[in-house]
>>> print(open('run-v4.pdb').read())   # PDB, C-alpha atoms
ATOM      1  CA  MET D   1      17.909   9.100 -20.421  1.00  0.00           C
ATOM      2  CA  ILE D   2      14.197   8.420 -20.211  1.00  0.00           C
ATOM      3  CA  SER D   3      12.310   9.386 -17.059  1.00  0.00           C
ATOM      4  CA  ILE D   4       9.028   7.869 -15.893  1.00  0.00           C
ATOM      5  CA  LEU D   5       6.647   9.073 -13.193  1.00  0.00           C
ATOM      6  CA  PHE D   6       3.954   6.651 -12.015  1.00  0.00           C
ATOM      7  CA  VAL D   7       0.924   8.328 -10.436  1.00  0.00           C
ATOM      8  CA  CYS D   8      -2.051   7.214  -8.355  1.00  0.00           C
ATOM      9  CA  HIS D   9      -4.352   8.920  -5.870  1.00  0.00           C
ATOM     10  CA  GLY D  10      -2.315   8.690  -2.660  1.00  0.00           C
ATOM     11  CA  ASN D  11       1.121   7.386  -3.738  1.00  0.00           C
ATOM     12  CA  ILE D  12       1.084   4.601  -1.160  1.00  0.00           C
ATOM     13  CA  CYS D  13      -0.358   1.606  -3.071  1.00  0.00           C
ATOM     14  CA  ARG D  14      -0.402   1.433  -6.875  1.00  0.00           C
ATOM     15  CA  SER D  15       2.147   4.021  -8.022  1.00  0.00           C
ATOM     16  CA  PRO D  16       4.959   2.940  -5.664  1.00  0.00           C
ATOM     17  CA  MET D  17       4.195  -0.695  -6.549  1.00  0.00           C
ATOM     18  CA  ALA D  18       4.594   0.235 -10.225  1.00  0.00           C
ATOM     19  CA  GLU D  19       7.753   2.230  -9.434  1.00  0.00           C
ATOM     20  CA  PHE D  20       9.516  -0.719  -7.812  1.00  0.00           C
ATOM     21  CA  VAL D  21       8.183  -3.328 -10.263  1.00  0.00           C
ATOM     22  CA  MET D  22       9.431  -1.209 -13.173  1.00  0.00           C
ATOM     23  CA  LYS D  23      12.810  -0.581 -11.539  1.00  0.00           C
ATOM     24  CA  GLU D  24      13.267  -4.346 -11.159  1.00  0.00           C
ATOM     25  CA  LEU D  25      12.164  -5.089 -14.734  1.00  0.00           C
ATOM     26  CA  VAL D  26      14.539  -2.428 -16.074  1.00  0.00           C
ATOM     27  CA  ARG D  27      17.396  -3.778 -13.923  1.00  0.00           C
ATOM     28  CA  LYS D  28      16.820  -7.340 -15.132  1.00  0.00           C
ATOM     29  CA  SER D  29      16.585  -6.214 -18.769  1.00  0.00           C
ATOM     30  CA  GLY D  30      19.937  -4.430 -18.642  1.00  0.00           C
ATOM     31  CA  LEU D  31      18.357  -1.275 -20.044  1.00  0.00           C
ATOM     32  CA  LYS D  32      20.384   1.752 -18.953  1.00  0.00           C
ATOM     33  CA  ASP D  33      19.526   5.391 -18.406  1.00  0.00           C
ATOM     34  CA  VAL D  34      15.982   4.979 -17.094  1.00  0.00           C
ATOM     35  CA  TYR D  35      14.916   7.080 -14.117  1.00  0.00           C
ATOM     36  CA  ILE D  36      11.720   6.127 -12.260  1.00  0.00           C
ATOM     37  CA  GLU D  37       9.695   7.791  -9.482  1.00  0.00           C
ATOM     38  CA  SER D  38       6.105   7.865  -8.267  1.00  0.00           C
ATOM     39  CA  ALA D  39       3.723  10.516  -6.960  1.00  0.00           C
ATOM     40  CA  ALA D  40       0.124  11.249  -5.949  1.00  0.00           C
ATOM     41  CA  THR D  41      -2.597  13.481  -7.291  1.00  0.00           C
ATOM     42  CA  SER D  42      -3.918  14.110  -3.749  1.00  0.00           C
ATOM     43  CA  THR D  43      -2.359  15.451  -0.569  1.00  0.00           C
ATOM     44  CA  GLU D  44      -3.977  12.851   1.695  1.00  0.00           C
ATOM     45  CA  GLU D  45      -0.910  10.670   2.290  1.00  0.00           C
ATOM     46  CA  LEU D  46       1.968  13.161   1.908  1.00  0.00           C
ATOM     47  CA  GLY D  47       5.113  11.883   3.609  1.00  0.00           C
ATOM     48  CA  ASN D  48       3.637   8.470   4.397  1.00  0.00           C
ATOM     49  CA  ASP D  49       5.466   5.298   3.439  1.00  0.00           C
ATOM     50  CA  MET D  50       3.903   2.627   1.243  1.00  0.00           C
ATOM     51  CA  HIS D  51       0.835   0.738   2.419  1.00  0.00           C
ATOM     52  CA  ARG D  52       1.684  -2.467   4.290  1.00  0.00           C
ATOM     53  CA  GLY D  53      -0.218  -4.486   1.649  1.00  0.00           C
ATOM     54  CA  THR D  54       2.033  -3.062  -1.084  1.00  0.00           C
ATOM     55  CA  LYS D  55       5.151  -3.917   0.912  1.00  0.00           C
ATOM     56  CA  ARG D  56       3.842  -7.416   1.619  1.00  0.00           C
ATOM     57  CA  LYS D  57       3.131  -8.087  -2.050  1.00  0.00           C
ATOM     58  CA  LEU D  58       6.510  -6.739  -3.217  1.00  0.00           C
ATOM     59  CA  ARG D  59       8.288  -8.929  -0.637  1.00  0.00           C
ATOM     60  CA  GLU D  60       6.211 -11.941  -1.711  1.00  0.00           C
ATOM     61  CA  GLU D  61       7.252 -11.364  -5.342  1.00  0.00           C
ATOM     62  CA  GLY D  62      10.930 -10.807  -4.446  1.00  0.00           C
ATOM     63  CA  ILE D  63      10.949  -7.206  -5.655  1.00  0.00           C
ATOM     64  CA  PRO D  64      13.313  -4.922  -3.733  1.00  0.00           C
ATOM     65  CA  PHE D  65      12.068  -1.590  -2.426  1.00  0.00           C
ATOM     66  CA  GLU D  66      13.105   1.066   0.033  1.00  0.00           C
ATOM     67  CA  ARG D  67      11.279   3.325   2.432  1.00  0.00           C
ATOM     68  CA  ARG D  68       9.909   6.401   0.735  1.00  0.00           C
ATOM     69  CA  GLY D  69       7.491   9.194   1.469  1.00  0.00           C
ATOM     70  CA  ALA D  70       4.429   9.916  -0.641  1.00  0.00           C
ATOM     71  CA  ARG D  71       4.624  13.146  -2.602  1.00  0.00           C
ATOM     72  CA  GLN D  72       2.220  15.081  -4.774  1.00  0.00           C
ATOM     73  CA  VAL D  73       2.690  15.721  -8.482  1.00  0.00           C
ATOM     74  CA  LYS D  74       4.044  19.201  -9.229  1.00  0.00           C
ATOM     75  CA  ARG D  75       3.784  21.243 -12.399  1.00  0.00           C
ATOM     76  CA  SER D  76       7.597  21.056 -12.673  1.00  0.00           C
ATOM     77  CA  ASP D  77       7.258  17.268 -13.146  1.00  0.00           C
ATOM     78  CA  THR D  78       6.160  18.073 -16.692  1.00  0.00           C
ATOM     79  CA  ASP D  79       9.724  19.207 -17.403  1.00  0.00           C
ATOM     80  CA  ARG D  80      11.404  16.421 -15.411  1.00  0.00           C
ATOM     81  CA  PHE D  81       9.584  13.382 -16.809  1.00  0.00           C
ATOM     82  CA  ASP D  82       9.168  12.008 -20.333  1.00  0.00           C
ATOM     83  CA  LEU D  83       6.259   9.740 -19.380  1.00  0.00           C
ATOM     84  CA  ILE D  84       3.669  10.421 -16.669  1.00  0.00           C
ATOM     85  CA  ILE D  85       1.663   7.248 -16.154  1.00  0.00           C
ATOM     86  CA  GLY D  86      -1.590   7.112 -14.219  1.00  0.00           C
ATOM     87  CA  MET D  87      -3.204   4.011 -12.810  1.00  0.00           C
ATOM     88  CA  ASP D  88      -6.807   4.925 -13.669  1.00  0.00           C
ATOM     89  CA  SER D  89      -8.917   7.389 -15.643  1.00  0.00           C
ATOM     90  CA  TYR D  90      -9.576   9.454 -12.515  1.00  0.00           C
ATOM     91  CA  ASN D  91      -5.804   9.930 -12.148  1.00  0.00           C
ATOM     92  CA  LEU D  92      -5.568  11.005 -15.799  1.00  0.00           C
ATOM     93  CA  ARG D  93      -8.309  13.603 -15.363  1.00  0.00           C
ATOM     94  CA  ASN D  94      -6.532  15.013 -12.314  1.00  0.00           C
ATOM     95  CA  LEU D  95      -3.135  14.975 -14.026  1.00  0.00           C
ATOM     96  CA  ASN D  96      -4.455  16.880 -17.036  1.00  0.00           C
ATOM     97  CA  ARG D  97      -6.049  19.436 -14.719  1.00  0.00           C
ATOM     98  CA  MET D  98      -2.964  19.767 -12.477  1.00  0.00           C
ATOM     99  CA  LEU D  99      -0.280  19.792 -15.163  1.00  0.00           C
ATOM    100  CA  GLY D 100      -2.025  21.576 -18.000  1.00  0.00           C
ATOM    101  CA  GLY D 101      -1.828  21.125 -21.744  1.00  0.00           C
ATOM    102  CA  ALA D 102       1.973  20.975 -21.885  1.00  0.00           C
ATOM    103  CA  ALA D 103       1.882  17.506 -20.333  1.00  0.00           C
ATOM    104  CA  HIS D 104      -0.948  16.101 -22.464  1.00  0.00           C
ATOM    105  CA  ASP D 105       1.314  14.040 -24.766  1.00  0.00           C
ATOM    106  CA  LYS D 106       3.251  12.648 -21.790  1.00  0.00           C
ATOM    107  CA  ILE D 107       0.254  11.379 -19.814  1.00  0.00           C
ATOM    108  CA  HIS D 108      -0.840   7.757 -20.302  1.00  0.00           C
ATOM    109  CA  LEU D 109      -2.682   4.964 -18.519  1.00  0.00           C
ATOM    110  CA  LEU D 110      -0.376   2.123 -17.483  1.00  0.00           C
ATOM    111  CA  LEU D 111      -2.536  -0.547 -19.105  1.00  0.00           C
ATOM    112  CA  ASP D 112      -2.356   1.377 -22.400  1.00  0.00           C
ATOM    113  CA  PHE D 113       1.048  -0.309 -22.758  1.00  0.00           C
ATOM    114  CA  SER D 114      -0.702  -3.703 -22.762  1.00  0.00           C
ATOM    115  CA  ASP D 115      -3.508  -5.312 -24.755  1.00  0.00           C
ATOM    116  CA  ARG D 116      -5.961  -3.776 -22.267  1.00  0.00           C
ATOM    117  CA  ARG D 117      -5.911  -0.167 -23.505  1.00  0.00           C
ATOM    118  CA  GLY D 118      -8.202   2.157 -21.587  1.00  0.00           C
ATOM    119  CA  GLU D 119      -8.606  -0.147 -18.581  1.00  0.00           C
ATOM    120  CA  ASP D 120      -8.051   1.030 -15.014  1.00  0.00           C
ATOM    121  CA  ILE D 121      -5.983  -0.653 -12.335  1.00  0.00           C
ATOM    122  CA  ALA D 122      -8.197  -1.066  -9.275  1.00  0.00           C
ATOM    123  CA  ASP D 123      -7.110   0.663  -6.069  1.00  0.00           C
ATOM    124  CA  PRO D 124      -6.328  -1.979  -3.427  1.00  0.00           C
ATOM    125  CA  TRP D 125      -6.833   0.662  -0.716  1.00  0.00           C
ATOM    126  CA  TYR D 126     -10.552   0.042  -1.302  1.00  0.00           C
ATOM    127  CA  SER D 127     -10.588  -3.546  -2.565  1.00  0.00           C
ATOM    128  CA  GLY D 128      -7.869  -5.037  -0.356  1.00  0.00           C
ATOM    129  CA  ASP D 129      -6.861  -7.105  -3.405  1.00  0.00           C
ATOM    130  CA  PHE D 130      -3.149  -6.409  -3.752  1.00  0.00           C
ATOM    131  CA  ASP D 131      -2.677  -9.625  -5.765  1.00  0.00           C
ATOM    132  CA  THR D 132      -4.846  -8.519  -8.697  1.00  0.00           C
ATOM    133  CA  THR D 133      -3.381  -5.021  -8.524  1.00  0.00           C
ATOM    134  CA  PHE D 134       0.114  -6.495  -8.713  1.00  0.00           C
ATOM    135  CA  ASP D 135      -0.792  -8.687 -11.691  1.00  0.00           C
ATOM    136  CA  ASP D 136      -2.267  -5.699 -13.552  1.00  0.00           C
ATOM    137  CA  ILE D 137       0.733  -3.505 -12.744  1.00  0.00           C
ATOM    138  CA  LEU D 138       3.148  -6.223 -13.846  1.00  0.00           C
ATOM    139  CA  GLU D 139       1.271  -6.581 -17.137  1.00  0.00           C
ATOM    140  CA  GLY D 140       1.405  -2.840 -17.762  1.00  0.00           C
ATOM    141  CA  CYS D 141       5.056  -2.531 -16.751  1.00  0.00           C
ATOM    142  CA  GLU D 142       6.079  -5.448 -18.982  1.00  0.00           C
ATOM    143  CA  GLY D 143       4.369  -3.708 -21.899  1.00  0.00           C
ATOM    144  CA  LEU D 144       6.043  -0.432 -20.980  1.00  0.00           C
ATOM    145  CA  LEU D 145       9.428  -2.165 -20.909  1.00  0.00           C
ATOM    146  CA  GLU D 146       8.805  -3.561 -24.406  1.00  0.00           C
ATOM    147  CA  TYR D 147       7.886  -0.040 -25.545  1.00  0.00           C
ATOM    148  CA  LEU D 148      11.136   1.335 -24.075  1.00  0.00           C
ATOM    149  CA  LEU D 149      13.269  -1.418 -25.615  1.00  0.00           C
ATOM    150  CA  VAL D 150      11.803  -0.748 -29.071  1.00  0.00           C
ATOM    151  CA  LYS D 151      12.197   3.003 -28.589  1.00  0.00           C
ATOM    152  CA  LYS D 152      15.917   2.749 -27.647  1.00  0.00           C
TER     153      LYS D 152
END
>>> encode(input="run-v4.pdb", output="structure tokens")
Amino acid sequence: MISILFVCHGNICRSPMAEFVMKELVRKSGLKDVYIESAATSTEELGNDMHRGTKRKLREEGIPFERRGARQVKRSDTDRFDLIIGMDSYNLRNLNRMLGGAAHDKIHLLLDFSDRRGEDIADPWYSGDFDTTFDDILEGCEGLLEYLLVKK
């Protein structure tokens, strides 16, 4: 089993979008034994469901999702997850600070699994552009799926 944790600032826009996009890609691929969750680096949105713009975009793209509450990353996630994937460099800095050195090899940027290594996925909370965020997340998740298929 491989376990993946997607992380963004509040866990209401980018990371849950990536969680449900990846779950759908994995389902369609037939790949088994993949566990996927998402979390936040901040406490600002704890318990809140996804942003309405995230839900709208997932519905528009035909990607199933369920109600969920935002949660914060915990040190124990280092033991629970094989890959901890941040949406931007700010998330990576916070993850390294929060999780310590033991997680260093597990922490990656999502777009590092694409041809756009080192690039951030913009936060639609600020931009309002859920379309571009979705496209970037899809690109990263497709690359991550290829990585998992080769790894299996």
>>> residues_around(input="run-v4.pdb", residues="D:Arg80", least_positions_apart="4", cutoff="12 Å", atoms="all atoms listed in the file", output="short mmCIF file (atom, residue, chain, number, x, y, z; two decimals) with C-alpha atoms, in the frame of the given file")
data_model
loop_
_atom_site.label_atom_id
_atom_site.label_comp_id
_atom_site.auth_asym_id
_atom_site.auth_seq_id
_atom_site.Cartn_x
_atom_site.Cartn_y
_atom_site.Cartn_z
CA MET D 1 17.91 9.10 -20.42
CA ILE D 2 14.20 8.42 -20.21
CA SER D 3 12.31 9.39 -17.06
CA ILE D 4 9.03 7.87 -15.89
CA LEU D 5 6.65 9.07 -13.19
CA TYR D 35 14.92 7.08 -14.12
CA ILE D 36 11.72 6.13 -12.26
CA GLU D 37 9.70 7.79 -9.48
CA VAL D 73 2.69 15.72 -8.48
CA LYS D 74 4.04 19.20 -9.23
CA ARG D 75 3.78 21.24 -12.40
CA SER D 76 7.60 21.06 -12.67
CA ILE D 84 3.67 10.42 -16.67
CA ALA D 103 1.88 17.51 -20.33
CA LYS D 106 3.25 12.65 -21.79
#
>>> closest_residue(input="run-v4.pdb", among="D:Phe6, D:Asn91, D:Gly47, D:Leu110", to="D:Leu144", atoms="all atoms listed in the file")
D:Leu110
>>> resolve_selection(input="run-v4.pdb", expression="the PyMOL selection byres ((chain D and resi 65-68) around 6)", output="CSV table (one decimal) with C-alpha atoms, in the frame of the given file")
chain,number,residue,atom,x,y,z
D,49,ASP,CA,5.5,5.3,3.4
D,64,PRO,CA,13.3,-4.9,-3.7
D,69,GLY,CA,7.5,9.2,1.5
>>> atom_distance(input="run-v4.pdb", atom1="atom CA of D:Gly140", atom2="atom CA of D:Ser89")
14.7 Å
>>> residues_around(input="run-v4.pdb", residues="D:Ala70", least_positions_apart="2", cutoff="8 Å", atoms="all atoms listed in the file", output="list in words")
Gly10, Asn11, Ile12, Ala39, Ala40, Glu45, Leu46, Gly47, Asn48, Asp49, Met50, Arg68 and Gln72 of chain D
>>> atom_distance(input="run-v4.pdb", atom1="atom CA of D:Arg59", atom2="atom CA of D:Cys141")
17.6 Å
>>> closest_residue(input="run-v4.pdb", among="D:Glu119, D:Glu24, D:Glu44, D:Asp33", to="D:Tyr90", atoms="all atoms listed in the file")
D:Glu119
>>> closest_residue(input="run-v4.pdb", among="D:Asp135, D:Glu142, D:Asp82, D:Asp88", to="D:Leu109", atoms="only C-alpha atoms")
D:Asp88
>>> atom_distance(input="run-v4.pdb", atom1="atom CA of D:Pro124", atom2="atom CA of D:Gly62")
19.4 Å
>>> closest_residue(input="run-v4.pdb", among="D:Asp136, D:Ile107, D:Asp115, D:Leu149", to="D:Asp77", atoms="all atoms listed in the file")
D:Ile107
>>> closest_residue(input="run-v4.pdb", among="D:Met98, D:Ser38, D:Phe113, D:Arg14", to="D:Leu148", atoms="only C-alpha atoms")
D:Phe113
>>> closest_residue(input="run-v4.pdb", among="D:Gly143, D:Gly100, D:Pro16, D:Gly128", to="D:Lys55", atoms="only C-alpha atoms")
D:Pro16
>>> build_atoms(input="run-v4.pdb", residues="stretch 9-37 of chain D", atoms="N, CA and C atoms", output="mmCIF file, in the frame of the given file")
data_model
loop_
_atom_site.group_PDB
_atom_site.id
_atom_site.type_symbol
_atom_site.label_atom_id
_atom_site.label_comp_id
_atom_site.auth_asym_id
_atom_site.auth_seq_id
_atom_site.Cartn_x
_atom_site.Cartn_y
_atom_site.Cartn_z
ATOM 1 N N HIS D 9 -3.692 7.940 -6.729
ATOM 2 C CA HIS D 9 -4.352 8.920 -5.870
ATOM 3 C C HIS D 9 -3.490 9.329 -4.676
ATOM 4 N N GLY D 10 -3.020 8.359 -3.898
ATOM 5 C CA GLY D 10 -2.315 8.690 -2.660
ATOM 6 C C GLY D 10 -0.826 8.439 -2.646
ATOM 7 N N ASN D 11 -0.301 7.725 -3.644
ATOM 8 C CA ASN D 11 1.121 7.386 -3.738
ATOM 9 C C ASN D 11 1.579 6.481 -2.599
ATOM 10 N N ILE D 12 0.681 5.577 -2.173
ATOM 11 C CA ILE D 12 1.084 4.601 -1.160
ATOM 12 C C ILE D 12 0.792 3.156 -1.589
ATOM 13 N N CYS D 13 -0.012 2.967 -2.631
ATOM 14 C CA CYS D 13 -0.358 1.606 -3.071
ATOM 15 C C CYS D 13 0.115 1.340 -4.499
ATOM 16 N N ARG D 14 -0.654 1.810 -5.479
ATOM 17 C CA ARG D 14 -0.402 1.433 -6.875
ATOM 18 C C ARG D 14 0.840 2.068 -7.475
ATOM 19 N N SER D 15 1.008 3.380 -7.339
ATOM 20 C CA SER D 15 2.147 4.021 -8.022
ATOM 21 C C SER D 15 3.498 3.594 -7.447
ATOM 22 N N PRO D 16 3.659 3.449 -6.114
ATOM 23 C CA PRO D 16 4.959 2.940 -5.664
ATOM 24 C C PRO D 16 5.165 1.470 -6.039
ATOM 25 N N MET D 17 4.066 0.692 -6.090
ATOM 26 C CA MET D 17 4.195 -0.695 -6.549
ATOM 27 C C MET D 17 4.717 -0.696 -7.982
ATOM 28 N N ALA D 18 4.142 0.142 -8.836
ATOM 29 C CA ALA D 18 4.594 0.235 -10.225
ATOM 30 C C ALA D 18 6.036 0.737 -10.300
ATOM 31 N N GLU D 19 6.379 1.704 -9.455
ATOM 32 C CA GLU D 19 7.753 2.230 -9.434
ATOM 33 C C GLU D 19 8.757 1.108 -9.190
ATOM 34 N N PHE D 20 8.536 0.312 -8.157
ATOM 35 C CA PHE D 20 9.516 -0.719 -7.812
ATOM 36 C C PHE D 20 9.461 -1.930 -8.747
ATOM 37 N N VAL D 21 8.285 -2.261 -9.253
ATOM 38 C CA VAL D 21 8.183 -3.328 -10.263
ATOM 39 C C VAL D 21 8.962 -2.914 -11.504
ATOM 40 N N MET D 22 8.758 -1.683 -11.955
ATOM 41 C CA MET D 22 9.431 -1.209 -13.173
ATOM 42 C C MET D 22 10.938 -1.118 -12.966
ATOM 43 N N LYS D 23 11.370 -0.642 -11.821
ATOM 44 C CA LYS D 23 12.810 -0.581 -11.539
ATOM 45 C C LYS D 23 13.432 -1.969 -11.636
ATOM 46 N N GLU D 24 12.738 -2.978 -11.110
ATOM 47 C CA GLU D 24 13.267 -4.346 -11.159
ATOM 48 C C GLU D 24 13.257 -4.893 -12.587
ATOM 49 N N LEU D 25 12.201 -4.639 -13.341
ATOM 50 C CA LEU D 25 12.164 -5.089 -14.734
ATOM 51 C C LEU D 25 13.273 -4.433 -15.550
ATOM 52 N N VAL D 26 13.484 -3.148 -15.356
ATOM 53 C CA VAL D 26 14.539 -2.428 -16.074
ATOM 54 C C VAL D 26 15.904 -2.990 -15.693
ATOM 55 N N ARG D 27 16.118 -3.223 -14.390
ATOM 56 C CA ARG D 27 17.396 -3.778 -13.923
ATOM 57 C C ARG D 27 17.659 -5.132 -14.571
ATOM 58 N N LYS D 28 16.653 -5.997 -14.565
ATOM 59 C CA LYS D 28 16.820 -7.340 -15.132
ATOM 60 C C LYS D 28 17.025 -7.300 -16.642
ATOM 61 N N SER D 29 16.466 -6.316 -17.310
ATOM 62 C CA SER D 29 16.585 -6.214 -18.769
ATOM 63 C C SER D 29 17.957 -5.705 -19.205
ATOM 64 N N GLY D 30 18.653 -5.037 -18.293
ATOM 65 C CA GLY D 30 19.937 -4.430 -18.642
ATOM 66 C C GLY D 30 19.808 -3.068 -19.299
ATOM 67 N N LEU D 31 18.594 -2.591 -19.450
ATOM 68 C CA LEU D 31 18.357 -1.275 -20.044
ATOM 69 C C LEU D 31 18.964 -0.208 -19.141
ATOM 70 N N LYS D 32 19.698 0.695 -19.725
ATOM 71 C CA LYS D 32 20.384 1.752 -18.953
ATOM 72 C C LYS D 32 19.670 3.079 -19.145
ATOM 73 N N ASP D 33 20.005 4.015 -18.297
ATOM 74 C CA ASP D 33 19.526 5.391 -18.406
ATOM 75 C C ASP D 33 18.010 5.521 -18.332
ATOM 76 N N VAL D 34 17.409 4.829 -17.360
ATOM 77 C CA VAL D 34 15.982 4.979 -17.094
ATOM 78 C C VAL D 34 15.841 5.430 -15.646
ATOM 79 N N TYR D 35 15.150 6.537 -15.454
ATOM 80 C CA TYR D 35 14.916 7.080 -14.117
ATOM 81 C C TYR D 35 13.428 6.935 -13.803
ATOM 82 N N ILE D 36 13.106 6.436 -12.607
ATOM 83 C CA ILE D 36 11.720 6.127 -12.260
ATOM 84 C C ILE D 36 11.392 6.659 -10.869
ATOM 85 N N GLU D 37 10.231 7.312 -10.756
ATOM 86 C CA GLU D 37 9.695 7.791 -9.482
ATOM 87 C C GLU D 37 8.199 7.543 -9.470
#
